[in-house]
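The file entry_7.cif contains mmCIF, C-alpha atoms:
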data_model
loop_
_atom_site.label_atom_id
_atom_site.label_comp_id
_atom_site.auth_asym_id
_atom_site.auth_seq_id
_atom_site.Cartn_x
_atom_site.Cartn_y
_atom_site.Cartn_z
CA MET M 1 -5.95 -131.35 24.70
CA TYR M 2 -6.46 -134.69 26.44
CA SER M 3 -4.18 -137.45 25.17
CA GLN M 4 -7.25 -139.64 24.61
CA VAL M 5 -8.62 -137.14 22.09
CA MET M 6 -5.25 -137.16 20.31
CA TYR M 7 -5.55 -140.95 20.13
CA CYS M 8 -9.02 -140.65 18.63
CA LEU M 9 -7.86 -138.12 16.02
CA ASP M 10 -4.98 -140.44 15.07
CA ARG M 11 -7.43 -143.33 14.72
CA VAL M 12 -9.73 -141.55 12.22
CA PRO M 13 -7.84 -142.65 9.05
CA ALA M 14 -8.06 -146.32 10.05
CA VAL M 15 -11.77 -145.98 10.86
CA VAL M 16 -12.50 -144.20 7.56
CA ALA M 17 -10.65 -146.94 5.69
CA LYS M 18 -13.20 -149.39 7.08
CA LYS M 19 -16.09 -146.94 6.66
CA PRO M 20 -15.31 -144.96 3.46
CA GLU M 21 -18.73 -143.29 3.61
CA LEU M 22 -17.26 -141.04 6.34
CA LYS M 23 -14.50 -139.69 4.08
CA ASN M 24 -16.42 -136.59 2.96
CA VAL M 25 -18.45 -136.16 6.14
CA GLU M 26 -17.55 -133.60 8.80
CA PRO M 27 -15.77 -133.60 11.18
CA PHE M 28 -13.91 -136.61 9.73
CA LYS M 29 -13.11 -134.75 6.50
CA THR M 30 -11.32 -132.02 8.45
CA VAL M 31 -9.36 -134.55 10.52
CA LEU M 32 -8.19 -136.29 7.33
CA SER M 33 -7.03 -132.93 5.96
CA GLY M 34 -4.59 -132.55 8.86
CA ASN M 35 -5.59 -128.91 9.34
CA ARG M 36 -4.91 -128.40 13.05
CA GLU M 37 -6.26 -124.84 13.09
CA ALA M 38 -9.59 -126.11 11.76
CA MET M 39 -9.59 -129.01 14.24
CA ALA M 40 -9.03 -126.55 17.10
CA LYS M 41 -12.40 -125.04 16.23
CA PHE M 42 -14.28 -128.32 16.66
CA THR M 43 -17.33 -128.10 18.90
CA MET M 44 -18.00 -130.61 21.65
CA LYS M 45 -20.54 -132.24 19.33
CA ASP M 46 -17.83 -132.68 16.68
CA LEU M 47 -15.52 -134.34 19.21
CA GLU M 48 -18.32 -136.59 20.44
CA LYS M 49 -18.84 -137.86 16.89
CA ILE M 50 -15.15 -138.65 16.58
CA LEU M 51 -15.01 -140.36 19.96
CA ALA M 52 -18.11 -142.43 19.17
CA VAL M 53 -16.63 -144.01 16.03
CA THR M 54 -13.06 -144.44 17.31
CA LEU M 55 -13.78 -145.77 20.82
CA THR M 56 -16.66 -148.17 20.14
CA GLY M 57 -17.70 -150.98 17.82
CA MET M 58 -14.72 -153.25 18.49
CA PRO M 59 -13.98 -156.04 21.00
CA VAL M 60 -12.53 -154.82 24.30
CA ASP M 61 -9.32 -156.85 23.77
CA GLU M 62 -8.82 -155.27 20.33
CA PHE M 63 -9.33 -151.80 21.78
CA ASN M 64 -6.83 -152.44 24.57
CA ALA M 65 -4.24 -153.67 22.07
CA GLU M 66 -4.73 -150.61 19.84
CA VAL M 67 -4.37 -148.18 22.76
CA LYS M 68 -1.28 -149.98 24.05
CA LYS M 69 0.31 -149.84 20.60
CA TRP M 70 -0.48 -146.12 20.26
CA ILE M 71 0.66 -145.11 23.74
CA GLU M 72 4.04 -146.81 23.17
CA SER M 73 4.77 -144.85 20.01
CA ALA M 74 2.77 -141.58 20.01
CA LYS M 75 4.62 -138.37 20.86
CA ASP M 76 3.35 -135.01 22.04
CA PRO M 77 3.73 -132.42 19.24
CA ARG M 78 5.24 -129.80 21.57
CA TRP M 79 7.78 -131.80 23.58
CA LYS M 80 8.45 -134.46 20.93
CA ARG M 81 8.38 -137.02 23.72
CA PRO M 82 6.09 -140.00 24.39
CA TYR M 83 2.98 -139.10 26.35
CA THR M 84 4.14 -141.63 28.94
CA GLU M 85 7.04 -139.29 29.81
CA LEU M 86 4.75 -136.30 30.34
CA VAL M 87 3.67 -137.39 33.81
CA TYR M 88 3.88 -134.90 36.66
CA GLN M 89 6.77 -135.79 38.94
CA PRO M 90 5.08 -134.30 42.06
CA MET M 91 2.01 -136.43 41.29
CA LEU M 92 4.11 -139.61 41.29
CA GLU M 93 5.79 -138.51 44.52
CA VAL M 94 2.53 -137.89 46.39
CA ILE M 95 1.05 -141.19 45.15
CA ARG M 96 4.14 -143.02 46.42
CA TYR M 97 4.02 -141.15 49.73
CA LEU M 98 0.34 -141.99 50.30
CA ARG M 99 0.82 -145.65 49.47
CA ASP M 100 3.87 -145.87 51.73
CA SER M 101 1.68 -144.37 54.47
CA GLY M 102 -0.95 -147.10 54.13
CA TYR M 103 -3.46 -145.42 51.82
CA LYS M 104 -4.97 -146.94 48.71
CA THR M 105 -4.75 -144.66 45.66
CA TYR M 106 -7.23 -144.33 42.81
CA ILE M 107 -7.44 -142.43 39.54
CA VAL M 108 -10.82 -140.74 39.11
CA THR M 109 -10.95 -139.20 35.67
CA GLY M 110 -13.35 -137.68 33.18
CA GLY M 111 -11.39 -139.59 30.53
CA GLY M 112 -12.34 -143.00 29.28
CA GLN M 113 -12.04 -145.68 31.93
CA ASP M 114 -10.90 -148.37 29.48
CA PHE M 115 -8.36 -146.03 27.88
CA VAL M 116 -6.67 -145.04 31.15
CA ARG M 117 -6.68 -148.60 32.48
CA VAL M 118 -4.35 -149.66 29.67
CA TYR M 119 -1.39 -147.66 31.02
CA ALA M 120 -2.30 -146.69 34.62
CA GLU M 121 -0.48 -149.54 36.31
CA ARG M 122 2.74 -149.07 34.34
CA LEU M 123 2.82 -145.27 34.75
CA TYR M 124 1.30 -144.75 38.19
CA GLY M 125 1.36 -148.17 39.85
CA ILE M 126 -2.45 -148.06 39.96
CA PRO M 127 -4.12 -151.31 38.81
CA PRO M 128 -7.13 -151.31 36.42
CA GLU M 129 -9.64 -152.00 39.19
CA GLN M 130 -8.56 -148.75 40.90
CA VAL M 131 -9.31 -146.57 37.86
CA VAL M 132 -12.72 -144.87 37.79
CA GLY M 133 -13.53 -143.01 34.60
CA SER M 134 -16.21 -142.29 32.05
CA ALA M 135 -17.52 -145.70 31.10
CA GLY M 136 -19.38 -147.00 28.08
CA ALA M 137 -21.57 -150.05 27.75
CA THR M 138 -20.28 -153.41 26.57
CA LYS M 139 -22.14 -156.34 25.02
CA LEU M 140 -21.30 -160.02 25.40
CA GLY M 141 -20.92 -162.03 22.23
CA TYR M 142 -19.57 -165.41 21.14
CA GLU M 143 -17.16 -166.55 18.45
CA LYS M 144 -18.07 -169.46 16.18
CA ASP M 145 -16.09 -171.74 18.48
CA GLY M 146 -18.11 -170.55 21.47
CA LYS M 147 -15.41 -168.28 22.91
CA ALA M 148 -16.95 -165.31 24.73
CA PHE M 149 -15.91 -161.72 24.12
CA LEU M 150 -17.07 -158.18 24.98
CA THR M 151 -17.74 -155.47 22.40
CA LYS M 152 -17.62 -151.77 23.23
CA GLU M 153 -21.03 -150.20 22.59
CA PRO M 154 -21.78 -146.53 21.67
CA LYS M 155 -23.71 -145.97 24.89
CA LEU M 156 -22.46 -143.93 27.84
CA LEU M 157 -23.04 -145.50 31.25
CA LEU M 158 -21.16 -143.00 33.43
CA ASN M 159 -19.93 -139.50 32.63
CA ASP M 160 -17.25 -139.29 35.31
CA ASP M 161 -17.06 -135.52 35.44
CA HIS M 162 -18.51 -132.82 37.73
CA ALA M 163 -21.25 -134.50 39.86
CA GLY M 164 -20.48 -137.76 38.06
CA LYS M 165 -17.17 -138.05 39.94
CA PRO M 166 -18.57 -138.56 43.47
CA GLU M 167 -21.32 -140.71 41.93
CA GLY M 168 -18.68 -142.83 40.19
CA ILE M 169 -16.57 -143.10 43.34
CA HIS M 170 -19.57 -144.33 45.31
CA MET M 171 -20.58 -146.80 42.62
CA MET M 172 -17.11 -148.20 41.88
CA ILE M 173 -15.33 -147.84 45.24
CA GLY M 174 -18.03 -147.49 47.88
CA ARG M 175 -15.96 -145.27 50.18
CA ARG M 176 -15.55 -141.52 50.56
CA PRO M 177 -11.96 -140.33 49.94
CA TYR M 178 -9.79 -138.95 52.73
CA ALA M 179 -7.82 -136.98 50.16
CA ALA M 180 -8.81 -135.73 46.72
CA PHE M 181 -6.77 -133.87 44.10
CA GLY M 182 -8.07 -132.02 41.04
CA ASN M 183 -7.23 -129.27 38.57
CA SER M 184 -10.49 -127.98 37.10
CA VAL M 185 -14.19 -127.25 37.59
CA GLY M 186 -14.81 -130.90 36.73
CA ASP M 187 -13.28 -131.84 40.10
CA GLN M 188 -15.26 -129.37 42.23
CA GLN M 189 -18.04 -131.72 43.32
CA MET M 190 -15.53 -134.47 44.13
CA LEU M 191 -13.69 -132.14 46.49
CA GLU M 192 -16.96 -130.91 48.02
CA TRP M 193 -18.07 -134.48 48.67
CA THR M 194 -14.66 -135.37 50.13
CA ALA M 195 -14.85 -132.34 52.43
CA ALA M 196 -18.30 -133.40 53.67
CA GLY M 197 -16.83 -136.48 55.34
CA ALA M 198 -16.11 -136.62 59.06
CA GLY M 199 -12.63 -135.95 60.40
CA ALA M 200 -9.59 -134.57 58.60
CA ARG M 201 -9.88 -134.50 54.80
CA LEU M 202 -7.29 -133.17 52.33
CA LYS M 203 -8.54 -131.18 49.32
CA MET M 204 -6.06 -129.87 46.75
CA LEU M 205 -6.23 -128.21 43.32
CA VAL M 206 -3.41 -127.75 40.82
CA LEU M 207 -3.38 -124.41 38.97
CA HIS M 208 -1.71 -124.55 35.56
CA ASP M 209 0.13 -121.22 35.63
CA ASP M 210 3.53 -122.09 34.15
CA ALA M 211 3.57 -121.23 30.44
CA VAL M 212 7.29 -121.97 30.15
CA ARG M 213 7.58 -125.45 31.65
CA GLU M 214 3.97 -126.55 31.01
CA TYR M 215 0.93 -124.37 30.17
CA ALA M 216 -0.85 -121.37 31.67
CA TYR M 217 -4.64 -121.31 31.67
CA GLY M 218 -7.52 -120.56 33.99
CA PRO M 219 -9.20 -118.09 33.66
CA ALA M 220 -8.59 -117.85 37.42
CA GLN M 221 -5.87 -115.36 38.48
CA GLY M 222 -6.16 -113.56 35.16
CA LEU M 223 -4.81 -116.50 33.18
CA PRO M 224 -6.05 -117.25 29.64
CA ASN M 225 -9.34 -119.11 29.36
CA SER M 226 -9.44 -122.71 28.21
CA LYS M 227 -12.09 -125.11 26.94
CA VAL M 228 -10.12 -127.97 28.49
CA GLY M 229 -9.34 -128.17 32.21
CA THR M 230 -11.07 -124.86 32.99
CA PHE M 231 -10.16 -123.34 36.37
CA THR M 232 -12.61 -120.50 36.96
CA PRO M 233 -12.31 -117.55 39.38
CA ALA M 234 -15.38 -118.95 41.16
CA LEU M 235 -13.57 -122.24 41.80
CA TYR M 236 -10.53 -120.34 43.07
CA GLU M 237 -12.71 -118.35 45.46
CA GLU M 238 -14.43 -121.50 46.74
CA ALA M 239 -11.04 -123.07 47.38
CA LYS M 240 -9.91 -120.04 49.40
CA LYS M 241 -13.20 -119.89 51.32
CA ASN M 242 -13.22 -123.60 52.21
CA GLY M 243 -9.53 -124.00 53.00
CA TRP M 244 -8.64 -126.08 49.97
CA THR M 245 -4.98 -125.88 48.98
CA VAL M 246 -4.33 -124.40 45.53
CA ILE M 247 -0.96 -125.55 44.16
CA SER M 248 0.85 -123.23 41.77
CA MET M 249 2.83 -125.15 39.17
CA LYS M 250 5.03 -122.11 38.66
CA ASN M 251 5.80 -121.34 42.30
CA ASP M 252 5.36 -124.64 44.16
CA TRP M 253 6.85 -127.28 41.86
CA LYS M 254 10.63 -127.36 41.52
CA ARG M 255 10.27 -129.94 38.79
CA ILE M 256 7.20 -130.75 36.67
CA PHE M 257 8.48 -133.62 34.53
CA ALA M 258 11.10 -136.23 35.41
CA PHE M 259 13.25 -135.28 32.38
CA GLU M 260 13.77 -131.68 33.54
#
This structure in structure tokens:
Amino acid sequence: MYSQVMYCLDRVPAVVAKKPELKNVEPFKTVLSGNREAMAKFTMKDLEKILAVTLTGMPVDEFNAEVKKWIESAKDPRWKRPYTELVYQPMLEVIRYLRDSGYKTYIVTGGGQDFVRVYAERLYGIPPEQVVGSAGATKLGYEKDGKAFLTKEPKLLLNDDHAGKPEGIHMMIGRRPYAAFGNSVGDQQMLEWTAAGAGARLKMLVLHDDAVREYAYGPAQGLPNSKVGTFTPALYEEAKKNGWTVISMKNDWKRIFAFE
């Protein structure tokens, strides 16, 4: 599951404390119960309800402070380590290599733009203005003393996934990438658009096929299916047909995390 969704689930008790009318309303009631098996059965509509109340309705500065506080203390339930330590070492290496070679690097994510911007510079050396993600609306308001502030609104401006990724890149960056890296069907159109550019273009996909050191899911290559980060056989075939490089975590990465 995406770390941002884990953040949202952790935020539900605080939100319900401010809005007690949600206490006995699903899916919030199930989240408060702590029943992970029941939460695993949430539909996308359930998750959207949770995201709507935990990611909006507060000033941008307050949201940033809450995310920063969470990201510094939250730990993954499997590794018992901070999420900030669960960064792919090969990803950091290729980012460093590209920057040393004169390229500018961006994060283009289906996750929340504001959420990722909080930690992107510290973890990846990528500043907030070089993070393109799913973005919600904001509204300008004023304090009693006239100080201006922005409030996060429950309105989606850009769904930075699938076709939304090249659209977001064009809108936020204005240039076609020379190299693009993905790991799911949500990245397919971004790689297709990158490949359509003139000259040499690098297109790469990471296949999560290491159940021991990370996870194994696809369903490409006979791996288990997944609702999150789906890598279909059709995507695998398109990669082979178009000369995209598919990276096997199991066979190609000597080390996945820095702590190994």
Any chance you could resolve the PyMOL selection byres ((chain M and resi 210) around 12) against this file and give the residues as a PDB file with C-alpha atoms, keeping the file's coordinate frame?
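Wrote it out as out.pdb, contents follow:
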ATOM      1  CA  VAL M 206      -3.410-127.750  40.820  1.00  0.00           C
ATOM      2  CA  LEU M 207      -3.380-124.410  38.970  1.00  0.00           C
ATOM      3  CA  HIS M 208      -1.710-124.550  35.560  1.00  0.00           C
ATOM      4  CA  ASP M 209       0.130-121.220  35.630  1.00  0.00           C
ATOM      5  CA  ALA M 211       3.570-121.230  30.440  1.00  0.00           C
ATOM      6  CA  VAL M 212       7.290-121.970  30.150  1.00  0.00           C
ATOM      7  CA  ARG M 213       7.580-125.450  31.650  1.00  0.00           C
ATOM      8  CA  GLU M 214       3.970-126.550  31.010  1.00  0.00           C
ATOM      9  CA  TYR M 215       0.930-124.370  30.170  1.00  0.00           C
ATOM     10  CA  ALA M 216      -0.850-121.370  31.670  1.00  0.00           C
ATOM     11  CA  TYR M 217      -4.640-121.310  31.670  1.00  0.00           C
ATOM     12  CA  GLY M 218      -7.520-120.560  33.990  1.00  0.00           C
ATOM     13  CA  LEU M 223      -4.810-116.500  33.180  1.00  0.00           C
ATOM     14  CA  PRO M 224      -6.050-117.250  29.640  1.00  0.00           C
ATOM     15  CA  ILE M 247      -0.960-125.550  44.160  1.00  0.00           C
ATOM     16  CA  SER M 248       0.850-123.230  41.770  1.00  0.00           C
ATOM     17  CA  MET M 249       2.830-125.150  39.170  1.00  0.00           C
ATOM     18  CA  LYS M 250       5.030-122.110  38.660  1.00  0.00           C
ATOM     19  CA  ASN M 251       5.800-121.340  42.300  1.00  0.00           C
ATOM     20  CA  ASP M 252       5.360-124.640  44.160  1.00  0.00           C
ATOM     21  CA  TRP M 253       6.850-127.280  41.860  1.00  0.00           C
ATOM     22  CA  LYS M 254      10.630-127.360  41.520  1.00  0.00           C
ATOM     23  CA  ARG M 255      10.270-129.940  38.790  1.00  0.00           C
ATOM     24  CA  ILE M 256       7.200-130.750  36.670  1.00  0.00           C
TER      25      ILE M 256
END
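Note that the spacing between CA of Ala40 in chain M and CA of Gly229 in chain M amounts to 15.2 Å.
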Apply the PyMOL selection byres ((chain M and resi 177) around 10) to the file shown and report the selected residues as a list in words.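 So the PyMOL selection byres ((chain M and resi 177) around 10) ends up selecting Lys104, Thr105, Tyr106, Pro166, Ile169, His170, Ile173, Gly174, Arg175, Arg176, Tyr178, Ala179, Ala180, Met190, Leu191, Trp193, Thr194, Ala195, Gly197, Arg201, Leu202 and Lys203 of chain M.
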Just so the selection is clear, what residues does the PyMOL selection byres ((chain M and resi 149) around 12) cover here, as a ChimeraX atom specification? /M:58-62,138-148,150-152
Restricted to C-alpha atoms, what would the selected residues look like written as a compact mmCIF listing (two decimals), in the coordinates of the input?
# COMPACT_ATOMS: atom_id res chain seq x y z
CA MET M 58 -14.72 -153.25 18.49
CA PRO M 59 -13.98 -156.04 21.00
CA VAL M 60 -12.53 -154.82 24.30
CA ASP M 61 -9.32 -156.85 23.77
CA GLU M 62 -8.82 -155.27 20.33
CA THR M 138 -20.28 -153.41 26.57
CA LYS M 139 -22.14 -156.34 25.02
CA LEU M 140 -21.30 -160.02 25.40
CA GLY M 141 -20.92 -162.03 22.23
CA TYR M 142 -19.57 -165.41 21.14
CA GLU M 143 -17.16 -166.55 18.45
CA LYS M 144 -18.07 -169.46 16.18
CA ASP M 145 -16.09 -171.74 18.48
CA GLY M 146 -18.11 -170.55 21.47
CA LYS M 147 -15.41 -168.28 22.91
CA ALA M 148 -16.95 -165.31 24.73
CA LEU M 150 -17.07 -158.18 24.98
CA THR M 151 -17.74 -155.47 22.40
CA LYS M 152 -17.62 -151.77 23.23
Given 3 Å of margin on each side, can you work out the centre and size in Å (one decimal) of an axis-aligned box holding every listed atom of range 135-150 of chain M, as lines of an AutoDock Vina configuration file?
center_x = -18.8
center_y = -158.7
center_z = 23.6
size_x = 12.7
size_y = 32.0
size_z = 20.9
List as a list of chain:residue names the protein and nucleic acid residues near Ala258 in chain M, meaning an atom at most 9 Å away when all atoms listed in the file are counted, but skip any in the same chain fewer than 4 places from it.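 Within the cut-off, the hits are M:Glu85, M:Leu86, M:Val87, M:Tyr88, M:Gln89.
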Report the distance between CA of Arg96 in chain M and CA of Val131 in chain M in Å, rounded to one decimal place. 16.3 Å
What gap, in Å, lies between CA of Val185 in chain M and CA of Ala239 in chain M? 11.1 Å
Counting only C-alpha atoms, find residues at most 9 Å from (-0.4, -142.2, 38.3) (file frame) and give them as a list in words.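 Counting only C-alpha atoms, I find these residues within 9 Å of (-0.4, -142.2, 38.3): Val87, Tyr88, Met91, Leu92, Ile95, Thr105, Tyr106, Ile107, Ala120, Glu121, Arg122, Leu123, Tyr124, Gly125 and Ile126 of chain M.
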From the set M:Lys155, M:Gly34, M:Ala220, M:Gln130, which residue has the shortest atom-to-atom contact distance to Glu48 in chain M, counting all atoms listed in the file? M:Lys155
Return the single residue from M:Ala200, M:Leu158, M:Met44, M:Met39 that is closest to Gly112 in chain M, with distances computed using all atoms listed in the file.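 Ranking M:Ala200, M:Leu158, M:Met44, M:Met39 by distance to Gly112 in chain M, first place goes to M:Leu158.
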Neighbours of point (-13.9, -135.1, 9.3) within 12 Å, using only C-alpha atoms, written as a PyMOL selection string: chain M and resi 8-13+15-16+20-36+38-39+42+46-47+49-51+53
Residue with smallest distance to Gly186 in chain M - pool M:Ala135, M:Val108, M:Ala52, M:Met171, counting all atoms listed in the file: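 Between M:Ala135, M:Val108, M:Ala52, M:Met171, the residue approaching Gly186 in chain M most closely is M:Val108.
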Just the residues within 9 Å of Met1 in chain M, please, counting all atoms listed in the file, with nothing from its chain fewer than 2 positions along; format it as an MDAnalysis selection string. chainID M and resid 3:6 228:229
